[in-house]
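First the structure, in the form of structure tokens, and then the observations on it.
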Amino acid sequence: MVPLMKVERKVLEKKRRIQMKALCLELNSLIPNENKDSSSSKSSSSQLHLLDQAAKYIKELRERVDTLKEMKKIKINNNNNNNNVNSNDDEEMPVIQVKKVDSNLEVVLVSKLNKQVMFHEVIRVLGEEGAEINNASFSIVGDKIFHTIHSQVNCSGMDFNCPAMLERLQELVHRRDALCSRKMQE
């Protein structure tokens, strides 16, 4: 019975060595070539060398992760500081911008979600001022809504007055904002 136990032990040990070799090869495949030393040999010390390289590489990765986490914290803090600075801008909402390039007109309207401007009224003013709407879209970011209106102005008609239209739009937007503010206070 004793020789049989020795044979079983040898078989088990051989399986363990084969499994360890396979795991070392897998570990070796995970280490980038630039982190590998070319001096490793095929002896038993090469497995030790491989484990040492893997440990060094893992330490490098941990340091890199820590550095990236620190950079992320700094960016988040900077963004929060910027948001705190911009939070005073909320009192100036809604904001309207008009850009005219050649015969193209772009109107951007930014307002708070809880103080929305009547979009159709802005479209009506543009139409009354002679702008032909090509495209209108909106997107919501945080607690703000961004409306973008692309239109075209009749170039042959010299009666298009961009400053007058902007004044009308600002009056419309701020009058609407004042009404919303009063309703919220009631």
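We label chains A, B, ... in the order they appear in the structure tokens, count residues from 1 in each chain, and number ligands from 1 in the order shown.
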- [ ] Using only C-alpha atoms, determine which residues lie at most 7 Å from Ser137 of chain A, disregarding the query and same-chain residues fewer than 2 positions distant; provide the list as a VMD selection string.
- [x] chain A and resid 135 147 to 149
Please write the residues from the selection above to a file, keeping N, CA, C and O atoms, as a compact mmCIF listing (two decimals), in the first residue's frame.
```
# COMPACT_ATOMS: atom_id res chain seq x y z
N ASN A 135 -35.09 74.61 -38.53
CA ASN A 135 -34.88 73.52 -37.58
C ASN A 135 -35.01 74.09 -36.17
O ASN A 135 -34.55 75.20 -35.90
N HIS A 147 -32.92 75.61 -25.83
CA HIS A 147 -33.64 75.61 -27.09
C HIS A 147 -32.72 76.21 -28.14
O HIS A 147 -32.12 77.25 -27.92
N THR A 148 -32.65 75.56 -29.30
CA THR A 148 -31.86 76.09 -30.41
C THR A 148 -32.77 76.14 -31.64
O THR A 148 -33.39 75.14 -31.99
N ILE A 149 -32.81 77.30 -32.25
CA ILE A 149 -33.65 77.49 -33.42
C ILE A 149 -32.77 77.98 -34.57
O ILE A 149 -32.09 79.00 -34.44
```
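In this comparison, which uses only C-alpha atoms, the residue of A:Pro94, A:Pro163, A:Gly130, A:Pro32 approaching Lys144 of chain A most closely is A:Pro94.
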Task: Nearest-residue call for Gly127 of chain A, choices A:Gln53, A:Asn114, A:Ser139, A:Ser151, using only C-alpha atoms - done: A:Ser151
Task: Neighbour list for Gln170 of chain A as a VMD selection string, cut-off 10 Å, only C-alpha atoms, skip fewer than 3 positions in-chain - done: chain A and resid 94 to 97 109 122 164 to 167 173 to 176
What would the file look like if the residues just selected were written as a PDB file, in the first residue's frame with C-alpha atoms?
```
ATOM      1  CA  PRO A  94     -33.492  82.969 -19.001  1.00  0.00           C
ATOM      2  CA  VAL A  95     -30.744  83.896 -21.455  1.00  0.00           C
ATOM      3  CA  ILE A  96     -31.281  84.469 -25.152  1.00  0.00           C
ATOM      4  CA  GLN A  97     -28.603  84.783 -27.841  1.00  0.00           C
ATOM      5  CA  LEU A 109     -32.591  80.210 -25.453  1.00  0.00           C
ATOM      6  CA  VAL A 122     -40.392  82.696 -29.628  1.00  0.00           C
ATOM      7  CA  ALA A 164     -35.065  94.931 -32.981  1.00  0.00           C
ATOM      8  CA  MET A 165     -35.881  91.227 -33.101  1.00  0.00           C
ATOM      9  CA  LEU A 166     -33.454  90.523 -30.243  1.00  0.00           C
ATOM     10  CA  GLU A 167     -35.090  93.280 -28.205  1.00  0.00           C
ATOM     11  CA  VAL A 173     -38.620  86.105 -22.390  1.00  0.00           C
ATOM     12  CA  HIS A 174     -38.216  88.399 -19.408  1.00  0.00           C
ATOM     13  CA  ARG A 175     -41.915  89.303 -19.288  1.00  0.00           C
ATOM     14  CA  ARG A 176     -42.715  85.582 -19.270  1.00  0.00           C
TER      15      ARG A 176
END
```
Task: Pick from A:Val11, A:Leu68, A:Leu169, A:Ala22, whichever lies nearest to Phe119 of chain A using only C-alpha atoms - done: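 Residue with the minimum atom-to-atom distance to Phe119 of chain A: A:Leu169.
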Open item on the list: Would you compute the distance between atom CA of Arg168 of chain A and atom CA of Gly142 of chain A? Give it in Å to one decimal.
Closed with: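 Computed distance, atom CA of Arg168 of chain A to atom CA of Gly142 of chain A, equals 27.8 Å.
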Task: Nearest candidate to Lys99 of chain A (options A:Ile140, A:Leu30, A:Cys162, A:Leu12; using only C-alpha atoms) - done: A:Cys162
TODO: One decimal, Å: what's the distance from atom CA of Ile133 of chain A over to atom CA of Leu105 of chain A, could you say?
DONE: 9.0 Å
Task: Residue set, segment 43-155 of chain A restricted to strand (DSSP E or B), as an MDAnalysis selection string - done: chainID A and resid 95:101 104:112 131:141 144:153
- [ ] Report the distance between atom CA of Leu61 of chain A and atom CA of Ile31 of chain A in Å, rounded to one decimal place.
- [x] 10.9 Å
TODO: Measuring atom to atom with only C-alpha atoms, identify which of A:Ile123, A:Val141, A:Leu50, A:Leu23 is nearest to Val110 of chain A.
DONE: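 Nearest to Val110 of chain A: A:Val141.
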